[in-house]
file my_file-v7.txt (compact mmCIF, N, CA and C atoms)
# COMPACT_ATOMS: atom_id res chain seq x y z
N MET A 28 94.88 70.87 195.68
CA MET A 28 94.59 71.92 194.79
C MET A 28 95.85 72.72 194.47
N GLU A 29 96.67 72.72 195.41
CA GLU A 29 97.91 73.41 195.23
C GLU A 29 98.73 72.78 194.11
N THR A 30 98.66 71.52 193.96
CA THR A 30 99.41 70.85 192.90
C THR A 30 98.84 71.20 191.53
N SER A 31 97.53 71.34 191.45
CA SER A 31 96.97 71.69 190.13
C SER A 31 97.30 73.14 189.78
N GLU A 32 97.40 74.01 190.80
CA GLU A 32 97.80 75.39 190.52
C GLU A 32 99.26 75.43 190.09
N ASN A 33 100.09 74.64 190.75
CA ASN A 33 101.51 74.59 190.39
C ASN A 33 101.66 74.03 188.97
N LEU A 34 100.81 73.08 188.60
CA LEU A 34 100.86 72.50 187.26
C LEU A 34 100.51 73.55 186.21
N TRP A 35 99.47 74.34 186.48
CA TRP A 35 99.07 75.39 185.54
C TRP A 35 100.16 76.46 185.43
N ILE A 36 100.75 76.78 186.49
CA ILE A 36 101.81 77.79 186.48
C ILE A 36 103.00 77.26 185.66
N ALA A 37 103.33 75.99 185.82
CA ALA A 37 104.45 75.40 185.07
C ALA A 37 104.13 75.38 183.57
N VAL A 38 102.89 75.08 183.23
CA VAL A 38 102.49 75.06 181.80
C VAL A 38 102.59 76.46 181.21
N VAL A 39 102.13 77.45 181.91
CA VAL A 39 102.18 78.84 181.42
C VAL A 39 103.62 79.29 181.28
N ILE A 40 104.47 78.95 182.24
CA ILE A 40 105.88 79.34 182.17
C ILE A 40 106.55 78.62 180.99
N ALA A 41 106.24 77.34 180.75
CA ALA A 41 106.81 76.59 179.64
C ALA A 41 106.38 77.20 178.31
N LEU A 42 105.12 77.60 178.19
CA LEU A 42 104.66 78.25 176.96
C LEU A 42 105.37 79.59 176.74
N ALA A 43 105.55 80.35 177.78
CA ALA A 43 106.22 81.65 177.67
C ALA A 43 107.68 81.45 177.25
N VAL A 44 108.35 80.48 177.87
CA VAL A 44 109.75 80.23 177.52
C VAL A 44 109.83 79.73 176.08
N GLY A 45 108.95 78.85 175.64
CA GLY A 45 108.94 78.35 174.27
C GLY A 45 108.69 79.47 173.26
N PHE A 46 107.79 80.38 173.60
CA PHE A 46 107.48 81.51 172.73
C PHE A 46 108.71 82.40 172.57
N VAL A 47 109.40 82.69 173.69
CA VAL A 47 110.60 83.55 173.65
C VAL A 47 111.71 82.86 172.86
N VAL A 48 111.92 81.57 173.08
CA VAL A 48 112.95 80.83 172.34
C VAL A 48 112.61 80.82 170.85
N GLY A 49 111.37 80.65 170.47
CA GLY A 49 110.96 80.65 169.06
C GLY A 49 111.25 81.98 168.38
N ILE A 50 110.97 83.08 169.08
CA ILE A 50 111.24 84.41 168.52
C ILE A 50 112.74 84.60 168.32
N ILE A 51 113.53 84.17 169.29
CA ILE A 51 114.98 84.33 169.19
C ILE A 51 115.53 83.50 168.02
N VAL A 52 115.07 82.27 167.90
CA VAL A 52 115.54 81.42 166.80
C VAL A 52 115.12 82.00 165.45
N ALA A 53 113.92 82.52 165.33
CA ALA A 53 113.45 83.10 164.08
C ALA A 53 114.27 84.32 163.68
N ARG A 54 114.69 85.10 164.66
CA ARG A 54 115.50 86.28 164.37
C ARG A 54 116.94 85.92 164.00
N LEU A 55 117.47 84.88 164.62
CA LEU A 55 118.86 84.52 164.39
C LEU A 55 119.05 83.62 163.16
N ALA A 56 118.03 82.97 162.67
CA ALA A 56 118.15 82.03 161.56
C ALA A 56 118.73 82.67 160.30
N PRO A 57 118.25 83.83 159.84
CA PRO A 57 118.85 84.43 158.64
C PRO A 57 120.31 84.82 158.85
N ARG A 58 120.66 85.24 160.06
CA ARG A 58 122.05 85.62 160.32
C ARG A 58 122.96 84.40 160.32
N ILE A 59 122.45 83.30 160.76
CA ILE A 59 123.26 82.08 160.81
C ILE A 59 123.54 81.58 159.39
N SER A 60 122.58 81.73 158.48
CA SER A 60 122.77 81.25 157.11
C SER A 60 123.67 82.18 156.30
N GLY A 61 124.22 83.20 156.89
CA GLY A 61 125.17 84.07 156.21
C GLY A 61 124.59 85.42 155.84
N GLY A 62 123.38 85.66 156.10
CA GLY A 62 122.78 86.95 155.79
C GLY A 62 122.52 87.14 154.31
N GLN A 63 122.77 86.14 153.47
CA GLN A 63 122.52 86.24 152.04
C GLN A 63 121.09 85.81 151.75
N PRO A 64 120.55 86.30 150.66
CA PRO A 64 119.20 85.86 150.31
C PRO A 64 119.20 84.36 150.05
N SER A 65 118.09 83.79 150.21
CA SER A 65 117.98 82.35 150.01
C SER A 65 118.26 81.99 148.56
N SER A 66 118.52 80.72 148.29
CA SER A 66 118.83 80.28 146.93
C SER A 66 117.65 80.52 145.99
N THR A 67 116.46 80.44 146.51
CA THR A 67 115.28 80.70 145.68
C THR A 67 115.26 82.15 145.25
N GLN A 68 115.59 83.04 146.17
CA GLN A 68 115.63 84.47 145.84
C GLN A 68 116.73 84.74 144.80
N ALA A 69 117.87 84.09 144.94
CA ALA A 69 118.96 84.27 143.98
C ALA A 69 118.55 83.76 142.60
N GLN A 70 117.86 82.64 142.54
CA GLN A 70 117.39 82.11 141.26
C GLN A 70 116.39 83.06 140.62
N LEU A 71 115.52 83.61 141.45
CA LEU A 71 114.52 84.55 140.93
C LEU A 71 115.19 85.78 140.33
N GLU A 72 116.19 86.31 141.03
CA GLU A 72 116.89 87.48 140.50
C GLU A 72 117.65 87.13 139.22
N SER A 73 118.24 85.94 139.16
CA SER A 73 118.95 85.51 137.96
C SER A 73 117.99 85.38 136.78
N LEU A 74 116.83 84.79 137.02
CA LEU A 74 115.84 84.66 135.96
C LEU A 74 115.33 86.02 135.50
N GLN A 75 115.15 86.93 136.43
CA GLN A 75 114.68 88.27 136.10
C GLN A 75 115.71 88.98 135.22
N LEU A 76 116.98 88.84 135.55
CA LEU A 76 118.04 89.46 134.77
C LEU A 76 118.09 88.86 133.36
N ARG A 77 118.00 87.54 133.24
CA ARG A 77 118.00 86.89 131.93
C ARG A 77 116.80 87.32 131.10
N PHE A 78 115.65 87.46 131.73
CA PHE A 78 114.44 87.88 131.02
C PHE A 78 114.59 89.31 130.48
N GLU A 79 115.16 90.19 131.29
CA GLU A 79 115.37 91.57 130.83
C GLU A 79 116.35 91.62 129.66
N GLU A 80 117.41 90.80 129.71
CA GLU A 80 118.36 90.73 128.60
C GLU A 80 117.67 90.21 127.34
N TYR A 81 116.82 89.21 127.51
CA TYR A 81 116.08 88.66 126.37
C TYR A 81 115.16 89.71 125.76
N GLN A 82 114.49 90.48 126.60
CA GLN A 82 113.61 91.53 126.09
C GLN A 82 114.40 92.56 125.30
N GLN A 83 115.59 92.90 125.77
CA GLN A 83 116.43 93.86 125.05
C GLN A 83 116.87 93.29 123.70
N GLU A 84 117.21 92.01 123.66
CA GLU A 84 117.60 91.38 122.40
C GLU A 84 116.44 91.37 121.41
N VAL A 85 115.24 91.07 121.89
CA VAL A 85 114.06 91.05 121.01
C VAL A 85 113.78 92.45 120.47
N ALA A 86 113.86 93.46 121.34
CA ALA A 86 113.63 94.84 120.89
C ALA A 86 114.67 95.24 119.86
N SER A 87 115.92 94.87 120.09
CA SER A 87 116.99 95.18 119.14
C SER A 87 116.74 94.48 117.80
N HIS A 88 116.31 93.22 117.86
CA HIS A 88 116.02 92.47 116.64
C HIS A 88 114.92 93.15 115.83
N PHE A 89 113.84 93.56 116.49
CA PHE A 89 112.74 94.19 115.76
C PHE A 89 113.13 95.56 115.22
N ASN A 90 113.97 96.30 115.93
CA ASN A 90 114.44 97.58 115.41
C ASN A 90 115.28 97.37 114.16
N THR A 91 116.18 96.38 114.19
CA THR A 91 117.00 96.09 113.03
C THR A 91 116.13 95.64 111.85
N THR A 92 115.16 94.77 112.12
CA THR A 92 114.26 94.30 111.07
C THR A 92 113.48 95.46 110.46
N ALA A 93 112.99 96.36 111.30
CA ALA A 93 112.24 97.51 110.79
C ALA A 93 113.13 98.38 109.91
N ASN A 94 114.38 98.59 110.31
CA ASN A 94 115.30 99.39 109.49
C ASN A 94 115.57 98.71 108.16
N LEU A 95 115.76 97.41 108.17
CA LEU A 95 116.02 96.69 106.93
C LEU A 95 114.82 96.71 106.00
N VAL A 96 113.62 96.57 106.54
CA VAL A 96 112.41 96.62 105.71
C VAL A 96 112.24 98.02 105.13
N THR A 97 112.56 99.04 105.91
CA THR A 97 112.47 100.41 105.40
C THR A 97 113.44 100.60 104.24
N ARG A 98 114.67 100.10 104.38
CA ARG A 98 115.64 100.19 103.29
C ARG A 98 115.17 99.42 102.08
N LEU A 99 114.57 98.25 102.29
CA LEU A 99 114.05 97.44 101.19
C LEU A 99 112.95 98.19 100.44
N ASN A 100 112.04 98.80 101.17
CA ASN A 100 110.96 99.57 100.54
C ASN A 100 111.52 100.75 99.75
N ARG A 101 112.51 101.43 100.34
CA ARG A 101 113.11 102.56 99.65
C ARG A 101 113.80 102.10 98.36
N SER A 102 114.49 100.97 98.41
CA SER A 102 115.14 100.43 97.22
C SER A 102 114.11 100.05 96.16
N TYR A 103 113.01 99.45 96.61
CA TYR A 103 111.95 99.08 95.68
C TYR A 103 111.38 100.33 95.00
N GLN A 104 111.17 101.40 95.75
CA GLN A 104 110.66 102.63 95.17
C GLN A 104 111.66 103.22 94.18
N ASP A 105 112.95 103.15 94.52
CA ASP A 105 113.97 103.66 93.60
C ASP A 105 113.97 102.86 92.30
N ILE A 106 113.81 101.55 92.39
CA ILE A 106 113.77 100.71 91.19
C ILE A 106 112.54 101.07 90.35
N GLN A 107 111.39 101.26 91.01
CA GLN A 107 110.17 101.63 90.28
C GLN A 107 110.36 102.97 89.56
N GLU A 108 110.97 103.93 90.25
CA GLU A 108 111.20 105.23 89.62
C GLU A 108 112.16 105.10 88.45
N HIS A 109 113.20 104.29 88.62
CA HIS A 109 114.16 104.07 87.54
C HIS A 109 113.48 103.43 86.34
N LEU A 110 112.68 102.41 86.56
CA LEU A 110 111.98 101.75 85.45
C LEU A 110 111.00 102.70 84.77
N GLY A 111 110.31 103.50 85.56
CA GLY A 111 109.38 104.46 84.96
C GLY A 111 110.10 105.49 84.11
N GLN A 112 111.22 106.00 84.61
CA GLN A 112 111.99 106.98 83.85
C GLN A 112 112.58 106.34 82.60
N ALA A 113 113.03 105.08 82.72
CA ALA A 113 113.58 104.38 81.56
C ALA A 113 112.49 104.14 80.52
N ALA A 114 111.28 103.85 80.96
CA ALA A 114 110.18 103.66 80.01
C ALA A 114 109.90 104.95 79.25
N VAL A 115 109.99 106.07 79.94
CA VAL A 115 109.75 107.36 79.28
C VAL A 115 110.89 107.69 78.33
N ASP A 116 112.13 107.45 78.79
CA ASP A 116 113.29 107.84 77.99
C ASP A 116 113.56 106.90 76.82
N LEU A 117 113.34 105.60 77.00
CA LEU A 117 113.79 104.63 76.01
C LEU A 117 112.69 104.10 75.09
N ALA A 118 111.43 104.31 75.42
CA ALA A 118 110.35 103.79 74.57
C ALA A 118 110.36 104.51 73.24
N PRO A 119 110.25 103.76 72.12
CA PRO A 119 110.35 104.38 70.80
C PRO A 119 109.15 105.25 70.43
N ASP A 120 107.98 104.94 70.93
CA ASP A 120 106.80 105.73 70.57
C ASP A 120 105.87 105.85 71.78
N ASP A 121 104.86 106.69 71.62
CA ASP A 121 103.94 106.97 72.73
C ASP A 121 103.15 105.74 73.15
N MET A 122 102.74 104.91 72.21
CA MET A 122 101.93 103.74 72.55
C MET A 122 102.73 102.77 73.42
N THR A 123 103.96 102.51 73.04
CA THR A 123 104.81 101.60 73.82
C THR A 123 105.07 102.19 75.20
N ARG A 124 105.32 103.48 75.24
CA ARG A 124 105.58 104.16 76.52
C ARG A 124 104.37 104.04 77.44
N GLN A 125 103.18 104.24 76.90
CA GLN A 125 101.97 104.14 77.72
C GLN A 125 101.76 102.72 78.21
N ARG A 126 102.03 101.73 77.35
CA ARG A 126 101.86 100.33 77.78
C ARG A 126 102.85 99.98 78.88
N LEU A 127 104.10 100.44 78.77
CA LEU A 127 105.10 100.17 79.80
C LEU A 127 104.72 100.83 81.12
N LEU A 128 104.29 102.08 81.05
CA LEU A 128 103.90 102.78 82.28
C LEU A 128 102.66 102.14 82.91
N ALA A 129 101.72 101.68 82.08
CA ALA A 129 100.53 101.00 82.61
C ALA A 129 100.91 99.69 83.28
N ALA A 130 101.85 98.96 82.68
CA ALA A 130 102.31 97.71 83.29
C ALA A 130 103.00 97.97 84.62
N LEU A 131 103.79 99.04 84.71
CA LEU A 131 104.44 99.38 85.98
C LEU A 131 103.42 99.76 87.04
N GLU A 132 102.38 100.49 86.65
CA GLU A 132 101.34 100.86 87.62
C GLU A 132 100.57 99.65 88.10
N GLN A 133 100.33 98.69 87.20
CA GLN A 133 99.61 97.48 87.60
C GLN A 133 100.42 96.67 88.60
N GLU A 134 101.74 96.68 88.49
CA GLU A 134 102.58 95.95 89.43
C GLU A 134 102.50 96.57 90.82
N ASN A 135 102.27 97.87 90.91
CA ASN A 135 102.19 98.53 92.21
C ASN A 135 100.89 98.22 92.94
N GLU A 136 99.84 97.89 92.21
CA GLU A 136 98.55 97.61 92.83
C GLU A 136 98.52 96.18 93.34
N PRO A 137 98.03 95.95 94.56
CA PRO A 137 97.94 94.57 95.05
C PRO A 137 96.88 93.79 94.26
N GLN A 138 97.22 92.55 93.92
CA GLN A 138 96.30 91.72 93.16
C GLN A 138 96.13 90.40 93.87
N SER A 139 94.96 89.82 93.67
CA SER A 139 94.76 88.49 94.24
C SER A 139 95.51 87.48 93.38
N SER A 140 95.78 86.33 93.95
CA SER A 140 96.56 85.33 93.22
C SER A 140 95.79 84.76 92.04
N ARG A 141 94.49 84.84 92.04
CA ARG A 141 93.69 84.27 90.94
C ARG A 141 93.50 85.27 89.80
N GLU A 142 93.77 86.54 90.06
CA GLU A 142 93.59 87.56 89.03
C GLU A 142 94.71 87.43 88.02
N ARG A 143 94.36 87.50 86.75
CA ARG A 143 95.36 87.44 85.70
C ARG A 143 95.45 88.79 85.04
N ILE A 144 96.64 89.14 84.64
CA ILE A 144 96.82 90.39 83.91
C ILE A 144 96.55 90.11 82.44
N GLU A 145 95.54 90.77 81.92
CA GLU A 145 95.20 90.61 80.52
C GLU A 145 96.07 91.56 79.70
N PRO A 146 96.64 91.08 78.59
CA PRO A 146 97.45 91.98 77.76
C PRO A 146 96.58 93.06 77.12
N VAL A 147 97.21 94.17 76.86
CA VAL A 147 96.49 95.30 76.27
C VAL A 147 96.54 95.15 74.75
N PHE A 148 95.39 94.87 74.11
CA PHE A 148 95.30 94.70 72.67
C PHE A 148 94.46 95.82 72.05
N ASP A 149 94.53 97.01 72.63
CA ASP A 149 93.69 98.09 72.13
C ASP A 149 94.09 98.52 70.71
N THR A 150 95.33 98.83 70.53
CA THR A 150 95.76 99.33 69.22
C THR A 150 97.00 98.56 68.78
N LEU A 151 96.78 97.40 68.22
CA LEU A 151 97.90 96.61 67.73
C LEU A 151 98.21 97.02 66.30
N GLU A 152 99.48 97.09 66.01
CA GLU A 152 99.93 97.41 64.66
C GLU A 152 100.84 96.29 64.20
N PRO A 153 100.89 96.06 62.91
CA PRO A 153 101.89 95.09 62.43
C PRO A 153 103.28 95.67 62.65
N PRO A 154 104.27 94.83 62.77
CA PRO A 154 105.62 95.36 63.00
C PRO A 154 106.07 96.22 61.82
N ARG A 155 106.82 97.23 62.15
CA ARG A 155 107.31 98.13 61.12
C ARG A 155 108.58 97.57 60.52
N ASP A 156 108.76 97.86 59.24
CA ASP A 156 109.93 97.38 58.52
C ASP A 156 110.97 98.49 58.54
N TYR A 157 111.99 98.33 59.40
CA TYR A 157 113.00 99.36 59.54
C TYR A 157 114.24 99.07 58.69
N ALA A 158 114.23 97.96 57.93
CA ALA A 158 115.40 97.60 57.12
C ALA A 158 115.55 98.59 55.97
N THR A 159 116.78 98.85 55.66
CA THR A 159 117.00 99.76 54.51
C THR A 159 116.63 99.03 53.23
N LYS A 160 116.04 99.76 52.34
CA LYS A 160 115.61 99.16 51.09
C LYS A 160 115.50 100.25 50.04
N SER A 161 115.42 99.80 48.84
CA SER A 161 115.21 100.76 47.76
C SER A 161 113.72 101.10 47.71
N GLU A 162 113.39 102.16 47.06
CA GLU A 162 112.01 102.62 47.02
C GLU A 162 111.06 101.58 46.46
N ASP A 163 111.42 100.95 45.39
CA ASP A 163 110.49 100.02 44.74
C ASP A 163 110.69 98.57 45.18
N GLY A 164 111.72 98.27 45.96
CA GLY A 164 112.00 96.89 46.38
C GLY A 164 111.20 96.51 47.63
N PRO A 165 111.05 95.18 47.84
CA PRO A 165 110.31 94.73 49.03
C PRO A 165 111.15 94.91 50.30
N GLY A 166 110.48 95.09 51.40
CA GLY A 166 111.17 95.22 52.69
C GLY A 166 111.59 93.86 53.23
N MET A 167 112.35 93.87 54.29
CA MET A 167 112.85 92.63 54.86
C MET A 167 111.73 91.76 55.41
N LEU A 168 110.65 92.36 55.84
CA LEU A 168 109.53 91.61 56.40
C LEU A 168 108.51 91.20 55.34
N SER A 169 108.78 91.52 54.13
CA SER A 169 107.87 91.15 53.04
C SER A 169 108.01 89.66 52.76
N GLU A 170 106.91 89.05 52.30
CA GLU A 170 106.95 87.63 51.98
C GLU A 170 107.82 87.34 50.77
N GLU A 171 107.98 88.32 49.90
CA GLU A 171 108.77 88.12 48.69
C GLU A 171 110.25 88.44 48.90
N PHE A 172 110.63 88.90 50.08
CA PHE A 172 112.02 89.30 50.31
C PHE A 172 112.92 88.09 50.24
N GLY A 173 113.96 88.17 49.46
CA GLY A 173 114.94 87.10 49.33
C GLY A 173 114.51 85.96 48.42
N VAL A 174 113.30 86.00 47.87
CA VAL A 174 112.84 84.93 46.98
C VAL A 174 113.15 85.37 45.56
N LYS A 175 113.90 84.51 44.89
CA LYS A 175 114.25 84.83 43.50
C LYS A 175 113.26 84.16 42.56
N ARG A 176 112.67 84.95 41.69
CA ARG A 176 111.71 84.42 40.74
C ARG A 176 112.38 84.20 39.41
N LYS A 177 111.96 83.17 38.72
CA LYS A 177 112.54 82.87 37.41
C LYS A 177 111.71 83.43 36.31
call {"tool": "encode", "arguments": {"input": "my_file-v7.txt", "output": "structure tokens"}}
result
Amino acid sequence: METSENLWIAVVIALAVGFVVGIIVARLAPRISGGQPSSTQAQLESLQLRFEEYQQEVASHFNTTANLVTRLNRSYQDIQEHLGQAAVDLAPDDMTRQRLLAALEQENEPQSSRERIEPVFDTLEPPRDYATKSEDGPGMLSEEFGVKRK
């Protein structure tokens, strides 16, 4: 019986020594490898840094795009104002001025691709004859203008 007790004591002592050696090896392993983080940890930090740089580049891109679109909209509004003012200043009569301004307003409204802009035929007039002429002679737009009769 004494041998079986000695056997149990040896097994318990071997387990205790193995446990102590395991703890010591686990504590010394990181120090032996240089105390630096593992290569997996270094890769993770590198990827994290690259991802943050990418996010900054994307944010910068969208800020620049937003600024450019704002400038484009402002330029478009300036062109619309210029065209509207030119229609008021340069149109020869009220009817033409109203048609030009109506056309500019229609361009500002969103339209579907199938919608067609119908021309405004409310008050059509024949073209005016602005050519200089004598009182009793035909105008340049007359059918008899330039025709010599025998």
call {"tool": "atom_distance", "arguments": {"input": "my_file-v7.txt", "atom1": "CA of Ala56 (chain A)", "atom2": "CA of Gln68 (chain A)"}}
result
16.1 Å
call {"tool": "atom_distance", "arguments": {"input": "my_file-v7.txt", "atom1": "atom C of Leu131 (chain A)", "atom2": "CA of Asp105 (chain A)"}}
result
13.0 Å
call {"tool": "atom_distance", "arguments": {"input": "my_file-v7.txt", "atom1": "atom C of Arg124 (chain A)", "atom2": "CA of Leu110 (chain A)"}}
result
11.3 Å
